[in-house]
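Engineer: Got a structure for you, written out below as structure tokens; questions coming shortly.
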Amino acid sequence: MDIGIISTADIARGSLIPALEGSDHDVAAISSRDADRARAVADEFGIPRSYGSYEDLLADDGIDAVYNPLPNGLHAEWTKKAADAGHDVLCEKPLAVDAEEAREVVDYCEDRGVTLMEAFMYQYHPRTERAVELAREELGEIRSVNASFKFPLYGRPDDVRLDPDLAGGSLMDVGCYAVSAARLFLGEPERAYAHTDDSRDSGVDTELAGVLEYDSGASARVACGFDTQLVQRYRVEAVDGWIEVRDAFDAPVDEPVELEYEIDGRHGVETFDAVDQYRLEVDHLEAAVDADEEPRTGGTEAIANMRVIDALYESAAAGAPVAVER
């Protein structure tokens, strides 16, 4: 699969491009609003073509798919433009600014016959797949999930993640992973309750703590933020045991990782060889395109995750629990 990248964003340079080096996929082109910057990144990584505008890259008929790592507020616009050009799209999370916009993007891509995939790379790691397998096949009734993703965002007051006009905020940036993990094990919640804080007076949440409630009595607690040290983990608790994963979302690509659990009194620690989950997500995209199937983290999943994010924000603004849209 030949991929074109719109933007020279950090995640493209630091994660996706290195992941595809030596794989069956190629980064065929990269673009920036600054032609010199695009050329410099292309030279650095040996990318054949560079463009000084996103439009010029989308007009390149030598690419199969577009990777969209632009700021959150621009995801929908440029995903639609990529679809107009007939390209399949791997869009960074979250797909859109809210569930309504996510539905619009999904419908737009379907109408144009292109495959759309949201880049929740952690779901393609063998450890995540094994955790889901354990939960579904061996663990009893799940009663709670706790999921957190926090990191310190200091010294960058102009960071796009602090810009409300670009749909910044900790929930949109890293909390969406915690929401995704909660839903992965418990499904769709009925209600959400959340508290947020804006410690930088930036106009976005720099901390969020939320509770997702289920009619079964189960619950999930999700937390995210930019004000404390790095933590990324989830723990699934059931009537007969638990599953816990550390370094859960941005897993290292150059060292083994572990999954720990206890089920019916049986304690286990499983180790997984180092893999690059960014490469695995592109493998999945290509397989979905070839099979003409919706990816695991395709449009349906993107809309569902945004519904919960919307409810958490609505609850934080209202100071009360709210129903999650169905």
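Labeling convention for the structure tokens: chains A, B, ... as they appear, residues from 1 per chain, ligands from 1 in order of appearance.
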Would you return as JSON, numbers by chain the members of stretch 85-263 of chain A that DSSP assigns to helix (DSSP H, G or I) on this structure's backbone?
Structural biologist: {"A": [99, 100, 101, 102, 103, 104, 105, 106, 107, 108, 109, 110, 111, 121, 122, 123, 124, 126, 127, 128, 129, 130, 131, 132, 133, 134, 135, 136, 137, 160, 161, 162, 164, 165, 166, 170, 171, 172, 173, 174, 175, 176, 177, 178, 179, 180, 181, 182, 183, 184, 185, 186]}
Engineer: Which residues of stretch 85-193 of chain A have any atom within 12 Å of an atom in stretch 7-12 of chain A when counting only C-alpha atoms, and what is the closest pair of atoms for each, with the distance in Å to one decimal? Order the rows by chain and rising number and write it as a Markdown table.
Structural biologist:
| residue | atom | partner | partner_atom | distance |
| --- | --- | --- | --- | --- |
| A:Leu90 | CA | A:Ala12 | CA | 11.7 |
| A:Cys91 | CA | A:Ala12 | CA | 11.4 |
| A:Glu92 | CA | A:Ile11 | CA | 9.3 |
| A:Lys93 | CA | A:Ile11 | CA | 11.5 |
| A:Ala119 | CA | A:Ile11 | CA | 11.2 |
| A:Met121 | CA | A:Ile11 | CA | 11.9 |
| A:Asp159 | CA | A:Asp10 | CA | 11.7 |
| A:Val160 | CA | A:Ala9 | CA | 11.0 |
Engineer: Once you have the residues from the selection above, write them out as a JSON list (two decimals), in the first residue's frame, restricted to N, CA, C and O atoms.
Structural biologist:
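Result went into part-v1.json, see below:
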[["chain", "number", "residue", "atom", "x", "y", "z"],
["A", 90, "LEU", "N", -6.81, 6.71, 6.51],
["A", 90, "LEU", "CA", -6.47, 6.38, 7.90],
["A", 90, "LEU", "C", -6.38, 7.71, 8.63],
["A", 90, "LEU", "O", -5.45, 8.49, 8.40],
["A", 91, "CYS", "N", -7.38, 7.99, 9.46],
["A", 91, "CYS", "CA", -7.45, 9.30, 10.15],
["A", 91, "CYS", "C", -7.11, 9.13, 11.61],
["A", 91, "CYS", "O", -7.62, 8.24, 12.29],
["A", 92, "GLU", "N", -6.25, 10.02, 12.11],
["A", 92, "GLU", "CA", -5.93, 9.99, 13.53],
["A", 92, "GLU", "C", -7.20, 10.22, 14.36],
["A", 92, "GLU", "O", -8.16, 10.85, 13.92],
["A", 93, "LYS", "N", -7.17, 9.67, 15.57],
["A", 93, "LYS", "CA", -8.28, 9.86, 16.48],
["A", 93, "LYS", "C", -8.23, 11.26, 17.09],
["A", 93, "LYS", "O", -7.16, 11.84, 17.18],
["A", 119, "ALA", "N", -7.49, 5.77, 13.61],
["A", 119, "ALA", "CA", -6.17, 5.21, 13.96],
["A", 119, "ALA", "C", -6.01, 4.93, 15.45],
["A", 119, "ALA", "O", -5.10, 5.46, 16.10],
["A", 121, "MET", "N", -4.44, 2.69, 17.17],
["A", 121, "MET", "CA", -3.45, 1.66, 16.89],
["A", 121, "MET", "C", -3.36, 0.60, 17.97],
["A", 121, "MET", "O", -3.02, -0.57, 17.69],
["A", 159, "ASP", "N", 0.65, 24.78, 21.88],
["A", 159, "ASP", "CA", 0.37, 23.43, 21.39],
["A", 159, "ASP", "C", -1.09, 23.35, 20.93],
["A", 159, "ASP", "O", -2.00, 23.86, 21.59],
["A", 160, "VAL", "N", -1.31, 22.69, 19.79],
["A", 160, "VAL", "CA", -2.67, 22.58, 19.25],
["A", 160, "VAL", "C", -3.61, 21.86, 20.22],
["A", 160, "VAL", "O", -4.83, 22.04, 20.17]]
Engineer: Counting only C-alpha atoms, which residues in stretch 94-154 of chain A sit no more than 9 Å from stretch 237-250 of chain A? For each one, give the nearest pair of atoms and the distance in Å, sorted by chain then residue number, as CSV.
Structural biologist:
residue,atom,partner,partner_atom,distance
A:Phe120,CA,A:Phe249,CA,8.7
A:Met121,CA,A:Phe249,CA,7.9
A:Tyr122,CA,A:Phe249,CA,5.2
A:Gln123,CA,A:Phe249,CA,8.4
A:Arg127,CA,A:Val245,CA,8.6
A:Thr128,CA,A:Ala248,CA,8.1
A:Ala131,CA,A:Ile243,CA,7.2
A:Leu134,CA,A:Ile243,CA,8.3
A:Ala135,CA,A:Ile243,CA,7.8
A:Leu139,CA,A:Asp240,CA,6.8
A:Gly140,CA,A:Asp240,CA,5.7
A:Glu141,CA,A:Ala238,CA,5.3
A:Ile142,CA,A:Ala238,CA,4.0
A:Arg143,CA,A:Ala238,CA,5.2
A:Ser144,CA,A:Glu237,CA,5.3
A:Val145,CA,A:Glu237,CA,6.2
A:Asn146,CA,A:Glu237,CA,8.5
A:Phe149,CA,A:Phe249,CA,8.0
Engineer: Identify, on the basis of only C-alpha atoms, every residue whose closest approach to A:Ser148 does not exceed 8 Å; exclude the query and any residue fewer than 5 positions from it along the same chain; express the result as a ChimeraX atom specification.
Structural biologist: /A:175,178,222-224,231-234
Engineer: Emit the selected residues as a compact mmCIF listing (two decimals), in the first residue's frame, including N, CA and C atoms.
Structural biologist:
# COMPACT_ATOMS: atom_id res chain seq x y z
N GLY A 175 -7.86 11.02 26.34
CA GLY A 175 -9.00 10.40 27.02
C GLY A 175 -9.83 9.54 26.09
N ALA A 178 -9.01 6.02 26.67
CA ALA A 178 -9.63 5.44 27.87
C ALA A 178 -11.08 5.09 27.60
N VAL A 222 -13.01 6.59 33.73
CA VAL A 222 -12.02 7.03 32.74
C VAL A 222 -11.39 8.32 33.24
N ALA A 223 -10.10 8.46 32.99
CA ALA A 223 -9.38 9.65 33.43
C ALA A 223 -8.33 10.01 32.40
N CYS A 224 -8.10 11.32 32.25
CA CYS A 224 -7.10 11.78 31.30
C CYS A 224 -6.63 13.16 31.74
N VAL A 231 0.90 8.18 32.70
CA VAL A 231 0.26 6.93 33.09
C VAL A 231 -0.66 6.53 31.95
N GLN A 232 -0.60 5.28 31.57
CA GLN A 232 -1.50 4.75 30.54
C GLN A 232 -1.76 3.28 30.85
N ARG A 233 -2.94 3.01 31.35
CA ARG A 233 -3.24 1.65 31.79
C ARG A 233 -4.74 1.42 31.81
N TYR A 234 -5.11 0.15 31.83
CA TYR A 234 -6.50 -0.20 32.10
C TYR A 234 -6.55 -1.47 32.94
Engineer: Which of these, A:Leu230, A:Val289, A:Leu259, A:Ala38, has the shortest distance to A:Val89 once you count only C-alpha atoms?
Structural biologist: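 Among the listed residues, A:Val289 lies closest to A:Val89.
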Engineer: Neighbouring residues of A:Arg33 were defined as those with any atom within 10 Å, considering only C-alpha atoms; residues of the same chain fewer than 3 positions away were excluded. Please report them as a count of residues only.
Structural biologist: 11
Engineer: Restricting the calculation to only C-alpha atoms, which member of A:Val211, A:Ala302, A:Asp227, A:Ser180 is positioned closest to A:Asp198?
Structural biologist: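 For A:Asp198, the nearest of the given residues is A:Asp227.
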Engineer: Nearest to A:Val106: which of A:Asp64, A:Glu129, A:Glu262, A:Glu77 is it, counting only C-alpha atoms?
Structural biologist: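 The answer is A:Glu77, which sits nearest to A:Val106.
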Engineer: If we count only C-alpha atoms and set the cut-off at 6 Å, which residues sit around A:Phe151, ignoring sequence neighbours fewer than 2 positions away in its own chain? Please answer as a PyMOL selection string.
Structural biologist: chain A and resi 226+228-230
Engineer: Could you tell me how far atom CA of A:Glu207 lies from atom CA of A:Ala99, in Å and to one decimal?
Structural biologist: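 Taking atom CA of A:Glu207 and atom CA of A:Ala99, their separation equals 21.2 Å.
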Engineer: Write out as a PyMOL selection string each polymer residue whose atoms come within 9 Å of A:His25, counting only C-alpha atoms; drop sequence neighbours fewer than 4 positions from it.
Structural biologist: chain A and resi 1-3+20-21+279+282-283
Engineer: Mind checking which residues fall within 9 Å of A:Ala19, counting only C-alpha atoms, ignoring those fewer than 3 positions away in the same chain, and posting them as number ranges by chain?
Structural biologist: A: 14-16, 22-23, 253, 276-280
Engineer: Could you give me the residues within stretch 136-256 of chain A that DSSP places in strand (DSSP E), as JSON, numbers by chain?
Structural biologist: {"A": [142, 143, 144, 145, 146, 147, 148, 149, 150, 191, 192, 193, 194, 195, 196, 197, 207, 208, 209, 210, 211, 212, 213, 219, 220, 221, 222, 223, 224, 225, 231, 232, 233, 234, 235, 236, 237, 238, 241, 242, 243, 244, 245, 246]}
Engineer: Can you measure atom CA of A:Ala320 to atom CA of A:Gly210 for me? One decimal in Å is fine.
Structural biologist: 11.2 Å
